[in-house]
Amino acid sequence: MSQLATQPNSETTTQLAKLFPLPLSPVEAFMLADGRSQYPMMCDIEVHLQGTIERAPFEEALAFAIQRAPFFRSIVQKDKKLGLVWQLTDRMPEVEWDDYGVPCLTGYDDLIDLFQDLGIKIFVRSGSERSSFLLHFHHATSDGVGSIAFVEDLLTAYHNATPGTKYVQPRKWEPERLLNRCNSALENPGWKRGLYDVYCGIYGATNFFMQRPLPMTAKRTPLGDDAARQQNGHITKAVSTDATLAMRKWTSSEKVTVNDVLLRDLFVTLHDWMSDQGVNIGTRHLRILMPQSLRGRGDAAMPTTNDIGFAFMARRGNIIRKPDDLLRSLAPETAAIRKDNLSRHFIGGLAAVQSLGLLPWMLNGSSCFSTAVLTNFGNSWRRFQSKLPPTDGGLAAGNLVYDGLTGTPPCRPNTAAAFCVCTSADQIFVSLKHDPFHYTLDESHELLSRYIDQITRSADGPSS
């Protein structure tokens, strides 16, 4: 008898029936509208494991986890009163099984139509010593933090479905929290905070539309209708343990964050890379989009979903050429974004754009809203609420050992590179998904290597 159940399926179904059909949030509607055949709005999360994935406990665990991730088993419908809504189904995601190391090619780059299909595909790759599974999911269904919660549910359930293991309590699950996802409003902000928010919103919107960041593909041949993809998926490289620990030490003493340094180093890397590609940056802007989780206290119990805002950091080429000055300019801005959740203003802007019918104009593909994306998942272990037992430098999940995960958000037209940082106790890992119609795999490896080299040089601290 499996140890999986913590509440009957009928109770889960009853709880969700009170919420669904559930209207799409402005962020989800934006993600849905921005899906394109050549640039599908798909995210990747790849889970790295020691050991062999056993099929029976995995399938049982997936059934458990998918019950707790309602958007992964929903399609989008049009409701006369509510507009676009999520509608639950009893369908299960497609799962492709193959040997460890076999590329994920079948259907990987297909556009998922959320009006007909579930927004997630799973690629399991199992070997005798190493295994992995890739979650390939539509961004409208979840952000990165939400997908990590799904991974936690799946690993916990796999552990409990494995014979002979000691039961681990799954994380708390409160589906009613979905009603407050991607909510840009503050409760009782007061008049001072209200005025501050208005100022931030106007200032941010003005900069967003007045600044014209350079696309990474500025000197690349425009995409042709018959263009062939040069690559699939993401690549990952690690910063050395020594460099990681050295950077953590000096950033703490300098009162900046590691993320501030990673952001600074990405500006520098993009500037050098694009200059070498023949782009004359001069005093023009590069802009990096930084997703920010808006989850608050208790929201670790939220089902897999989007609860995310977007911050945009822009800098001119002349300050990017002065790395220490650049870092000093970034640190207070990122601190304000974290403290006041300033990325939520983008949600209010999206809602306004949608209400005015301007979303098609915003997504016409001719404008560049950011040069690249940088997101930081941190250490996924620290996000887990369930107490999977530590072992062999990882977490035990039945017969498996969880090493960690990597992944990336999607690339968009003109925003040709999406970088994602994941960390362990002693290392930084950076993944890159590069525009597959403009860059070869070799070029992607070169760009990521240059970023890793720049981070490694930063381990010594400021130059002045």
# chains A, B, ... in the order shown; residues from 1 in each chain; ligands from 1
call {"tool": "residues_around", "arguments": {"residues": "Arg338 in chain A", "least_positions_apart": "5", "cutoff": "12 Å", "atoms": "only C-alpha atoms", "output": "ChimeraX atom specification"}}
result
/A:257,259-260,290-295,309-311,331-333,343-344
call {"tool": "residues_around", "arguments": {"residues": "Arg125 in chain A", "least_positions_apart": "6", "cutoff": "7 Å", "atoms": "only C-alpha atoms", "output": "list in words"}}
result
Trp97, Asp98, Asp99, Tyr100, Gly101, Ser131, Ser132 and Phe133 of chain A
call {"tool": "write_last_selection", "arguments": {"atoms": "C-alpha atoms", "output": "compact mmCIF listing (two decimals), in the first residue's frame"}}
result
# COMPACT_ATOMS: atom_id res chain seq x y z
CA TRP A 97 11.02 7.77 -21.49
CA ASP A 98 14.48 7.08 -22.87
CA ASP A 99 18.04 6.29 -21.83
CA TYR A 100 20.10 8.84 -19.93
CA GLY A 101 21.89 11.22 -22.27
CA SER A 131 19.19 10.00 -14.41
CA SER A 132 17.26 13.18 -15.07
CA PHE A 133 13.84 14.43 -15.97
call {"tool": "residues_around", "arguments": {"residues": "Glu94 in chain A", "least_positions_apart": "4", "cutoff": "8 Å", "atoms": "only C-alpha atoms", "output": "PyMOL selection string"}}
result
chain A and resi 120-122
call {"tool": "select_by_dssp", "arguments": {"residues": "range 126-307 of chain A", "states": "helix (DSSP H, G or I)", "output": "JSON, numbers by chain"}}
result
{"A": [144, 145, 146, 147, 148, 149, 150, 151, 152, 153, 154, 155, 156, 157, 158, 159, 160, 161, 175, 176, 177, 178, 179, 180, 190, 191, 192, 193, 194, 195, 196, 197, 198, 199, 200, 201, 202, 203, 204, 205, 206, 207, 208, 209, 210, 241, 242, 243, 244, 245, 246, 247, 248, 249, 250, 251, 252, 253, 254, 258, 259, 260, 261, 262, 263, 264, 265, 266, 267, 268, 269, 270, 271, 272, 273, 274, 275, 276, 299, 300, 301]}
call {"tool": "residues_around", "arguments": {"residues": "range 106-117 of chain A", "least_positions_apart": "4", "cutoff": "8 Å", "atoms": "only C-alpha atoms", "output": "PyMOL selection string"}}
result
chain A and resi 32+35-41+75-77+136+138+232
call {"tool": "write_last_selection", "arguments": {"atoms": "N, CA, C and O atoms", "output": "compact mmCIF listing (two decimals), in the first residue's frame"}}
result
# COMPACT_ATOMS: atom_id res chain seq x y z
N LEU A 32 0.24 33.84 -22.56
CA LEU A 32 -0.55 33.13 -23.57
C LEU A 32 -0.49 33.85 -24.91
O LEU A 32 -0.26 33.24 -25.96
N GLY A 35 2.86 33.60 -27.16
CA GLY A 35 3.32 32.35 -27.75
C GLY A 35 3.43 32.46 -29.27
O GLY A 35 2.52 32.99 -29.92
N ARG A 36 4.52 31.99 -29.83
CA ARG A 36 4.76 32.08 -31.28
C ARG A 36 5.30 30.74 -31.77
O ARG A 36 5.98 30.04 -31.03
N SER A 37 5.02 30.43 -33.02
CA SER A 37 5.43 29.12 -33.54
C SER A 37 6.95 28.95 -33.49
O SER A 37 7.45 27.87 -33.20
N GLN A 38 7.70 30.02 -33.78
CA GLN A 38 9.16 29.90 -33.77
C GLN A 38 9.74 30.21 -32.39
O GLN A 38 10.86 29.81 -32.09
N TYR A 39 9.00 30.93 -31.57
CA TYR A 39 9.45 31.26 -30.22
C TYR A 39 8.37 30.88 -29.21
O TYR A 39 7.71 31.74 -28.64
N PRO A 40 8.14 29.57 -29.02
CA PRO A 40 7.12 29.15 -28.05
C PRO A 40 7.49 29.62 -26.65
O PRO A 40 8.66 29.67 -26.28
N MET A 41 6.49 29.96 -25.87
CA MET A 41 6.70 30.51 -24.53
C MET A 41 6.91 29.36 -23.53
O MET A 41 6.12 29.12 -22.62
N ILE A 75 -6.74 23.37 -19.36
CA ILE A 75 -6.68 24.05 -20.64
C ILE A 75 -7.36 25.41 -20.48
O ILE A 75 -8.03 25.67 -19.48
N VAL A 76 -7.16 26.29 -21.46
CA VAL A 76 -7.76 27.62 -21.43
C VAL A 76 -9.05 27.60 -22.23
O VAL A 76 -9.11 27.03 -23.33
N GLN A 77 -10.08 28.22 -21.68
CA GLN A 77 -11.35 28.36 -22.38
C GLN A 77 -11.82 29.80 -22.29
O GLN A 77 -11.36 30.57 -21.45
N HIS A 136 9.22 20.58 -19.39
CA HIS A 136 9.16 21.56 -20.48
C HIS A 136 7.73 22.12 -20.46
O HIS A 136 6.79 21.45 -20.87
N HIS A 138 4.74 25.51 -20.47
CA HIS A 138 4.33 26.83 -20.93
C HIS A 138 4.39 27.81 -19.76
O HIS A 138 3.91 27.53 -18.67
N ASN A 232 18.66 22.96 -29.58
CA ASN A 232 17.51 22.80 -28.69
C ASN A 232 17.96 22.91 -27.25
O ASN A 232 19.08 22.54 -26.91
call {"tool": "select_by_dssp", "arguments": {"residues": "range 253-409 of chain A", "states": "strand (DSSP E)", "output": "number ranges by chain"}}
result
A: 285-293, 308-316, 372-378, 390-391, 394-397, 400-408
call {"tool": "residues_around", "arguments": {"residues": "Thr269 in chain A", "least_positions_apart": "2", "cutoff": "9 Å", "atoms": "only C-alpha atoms", "output": "list in words"}}
result
Arg264, Asp265, Leu266, Phe267, His271, Asp272, Trp273, Met274, Leu447, Arg450, Tyr451 and Gln454 of chain A
call {"tool": "write_last_selection", "arguments": {"atoms": "N, CA, C and O atoms", "output": "short mmCIF file (atom, residue, chain, number, x, y, z; two decimals), in the first residue's frame"}}
result
data_model
loop_
_atom_site.label_atom_id
_atom_site.label_comp_id
_atom_site.auth_asym_id
_atom_site.auth_seq_id
_atom_site.Cartn_x
_atom_site.Cartn_y
_atom_site.Cartn_z
N ARG A 264 25.90 42.72 -12.77
CA ARG A 264 26.96 43.57 -13.31
C ARG A 264 27.78 42.82 -14.35
O ARG A 264 28.07 43.33 -15.44
N ASP A 265 28.15 41.58 -14.02
CA ASP A 265 29.00 40.81 -14.92
C ASP A 265 28.28 40.44 -16.21
O ASP A 265 28.93 40.29 -17.27
N LEU A 266 26.96 40.28 -16.15
CA LEU A 266 26.23 40.00 -17.39
C LEU A 266 26.21 41.24 -18.29
O LEU A 266 26.38 41.13 -19.50
N PHE A 267 26.02 42.42 -17.70
CA PHE A 267 26.11 43.65 -18.50
C PHE A 267 27.47 43.72 -19.21
O PHE A 267 27.55 44.01 -20.41
N HIS A 271 28.11 43.47 -23.23
CA HIS A 271 28.74 44.60 -23.90
C HIS A 271 29.94 44.13 -24.73
O HIS A 271 30.08 44.49 -25.92
N ASP A 272 30.79 43.31 -24.13
CA ASP A 272 31.98 42.83 -24.84
C ASP A 272 31.60 41.91 -26.00
O ASP A 272 32.17 42.00 -27.09
N TRP A 273 30.66 41.02 -25.75
CA TRP A 273 30.24 40.06 -26.77
C TRP A 273 29.63 40.79 -27.98
O TRP A 273 29.99 40.54 -29.13
N MET A 274 28.72 41.72 -27.73
CA MET A 274 28.06 42.43 -28.82
C MET A 274 29.04 43.32 -29.57
O MET A 274 28.98 43.44 -30.79
N LEU A 447 29.57 32.23 -25.55
CA LEU A 447 28.98 33.30 -24.76
C LEU A 447 28.91 32.91 -23.28
O LEU A 447 29.27 33.70 -22.40
N ARG A 450 32.32 32.95 -21.66
CA ARG A 450 32.78 34.31 -21.38
C ARG A 450 32.11 34.88 -20.13
O ARG A 450 32.76 35.59 -19.35
N TYR A 451 30.86 34.55 -19.93
CA TYR A 451 30.17 35.00 -18.73
C TYR A 451 30.77 34.34 -17.48
O TYR A 451 31.03 35.00 -16.47
N GLN A 454 34.05 35.95 -16.71
CA GLN A 454 33.87 37.26 -16.10
C GLN A 454 33.49 37.13 -14.62
O GLN A 454 34.01 37.86 -13.76
#
call {"tool": "residues_around", "arguments": {"residues": "Val47 in chain A", "least_positions_apart": "6", "cutoff": "8 Å", "atoms": "only C-alpha atoms", "output": "compact mmCIF listing (two decimals) with all heavy atoms, in the first residue's frame"}}
result
# COMPACT_ATOMS: atom_id res chain seq x y z
N SER A 132 17.79 11.82 -15.10
CA SER A 132 17.26 13.18 -15.07
C SER A 132 15.83 13.16 -15.58
O SER A 132 15.40 12.20 -16.23
CB SER A 132 18.10 14.12 -15.95
OG SER A 132 17.95 13.79 -17.32
N PHE A 133 15.09 14.20 -15.25
CA PHE A 133 13.84 14.43 -15.97
C PHE A 133 13.70 15.92 -16.23
O PHE A 133 14.09 16.76 -15.41
CB PHE A 133 12.62 13.84 -15.26
CG PHE A 133 12.33 14.37 -13.88
CD1 PHE A 133 11.57 15.52 -13.68
CD2 PHE A 133 12.79 13.68 -12.76
CE1 PHE A 133 11.29 15.98 -12.40
CE2 PHE A 133 12.51 14.13 -11.47
CZ PHE A 133 11.75 15.29 -11.29
N LEU A 134 13.20 16.24 -17.42
CA LEU A 134 13.06 17.62 -17.88
C LEU A 134 11.58 17.99 -17.89
O LEU A 134 10.77 17.30 -18.50
CB LEU A 134 13.64 17.77 -19.28
CG LEU A 134 13.49 19.15 -19.93
CD1 LEU A 134 14.43 20.16 -19.27
CD2 LEU A 134 13.75 19.09 -21.43
N VAL A 151 8.49 20.08 -8.51
CA VAL A 151 9.59 19.12 -8.36
C VAL A 151 9.61 18.57 -6.94
O VAL A 151 9.78 17.35 -6.73
CB VAL A 151 10.94 19.78 -8.70
CG1 VAL A 151 12.11 18.89 -8.30
CG2 VAL A 151 11.01 20.12 -10.19
N TYR A 402 18.85 13.34 -5.09
CA TYR A 402 18.62 14.59 -5.82
C TYR A 402 19.82 15.50 -5.67
O TYR A 402 20.17 15.93 -4.57
CB TYR A 402 17.36 15.27 -5.25
CG TYR A 402 17.11 16.68 -5.74
CD1 TYR A 402 16.79 16.92 -7.07
CD2 TYR A 402 17.18 17.76 -4.87
CE1 TYR A 402 16.55 18.21 -7.52
CE2 TYR A 402 16.94 19.05 -5.31
CZ TYR A 402 16.63 19.28 -6.63
OH TYR A 402 16.39 20.57 -7.05
N ASP A 403 20.48 15.81 -6.80
CA ASP A 403 21.65 16.69 -6.81
C ASP A 403 21.27 18.16 -6.88
O ASP A 403 21.95 19.02 -6.33
CB ASP A 403 22.54 16.38 -8.03
CG ASP A 403 23.31 15.08 -7.87
OD1 ASP A 403 23.48 14.62 -6.72
OD2 ASP A 403 23.71 14.52 -8.90
N GLY A 404 20.21 18.46 -7.62
CA GLY A 404 19.80 19.84 -7.84
C GLY A 404 19.13 19.95 -9.18
O GLY A 404 18.81 18.96 -9.84
N LEU A 405 18.90 21.18 -9.61
CA LEU A 405 18.24 21.40 -10.89
C LEU A 405 18.86 22.58 -11.62
O LEU A 405 19.52 23.43 -11.03
CB LEU A 405 16.73 21.60 -10.71
CG LEU A 405 16.22 22.66 -9.73
CD1 LEU A 405 16.28 24.06 -10.34
CD2 LEU A 405 14.79 22.36 -9.31
N THR A 406 18.62 22.61 -12.92
CA THR A 406 19.00 23.73 -13.77
C THR A 406 17.81 24.03 -14.67
O THR A 406 16.85 23.28 -14.73
CB THR A 406 20.24 23.42 -14.62
OG1 THR A 406 19.98 22.24 -15.41
CG2 THR A 406 21.46 23.17 -13.76
call {"tool": "atom_distance", "arguments": {"atom1": "CA of Ser142 in chain A", "atom2": "CA of Leu88 in chain A"}}
result
15.2 Å
call {"tool": "closest_residue", "arguments": {"among": "A:Ala161, A:Ala228, A:Ile347, A:Leu327", "to": "Val261 in chain A", "atoms": "only C-alpha atoms"}}
result
A:Leu327
call {"tool": "closest_residue", "arguments": {"among": "A:Val268, A:Ala33, A:Ala238, A:Met302", "to": "Ser147 in chain A", "atoms": "only C-alpha atoms"}}
result
A:Met302
call {"tool": "atom_distance", "arguments": {"atom1": "CA of Leu155 in chain A", "atom2": "CA of Leu22 in chain A"}}
result
27.4 Å
call {"tool": "closest_residue", "arguments": {"among": "A:Asp442, A:Glu11, A:Asp392, A:Asp153", "to": "Pro303 in chain A", "atoms": "only C-alpha atoms"}}
result
A:Asp153
call {"tool": "closest_residue", "arguments": {"among": "A:Pro462, A:Ser449, A:Cys182, A:Phe137", "to": "Gly119 in chain A", "atoms": "only C-alpha atoms"}}
result
A:Phe137
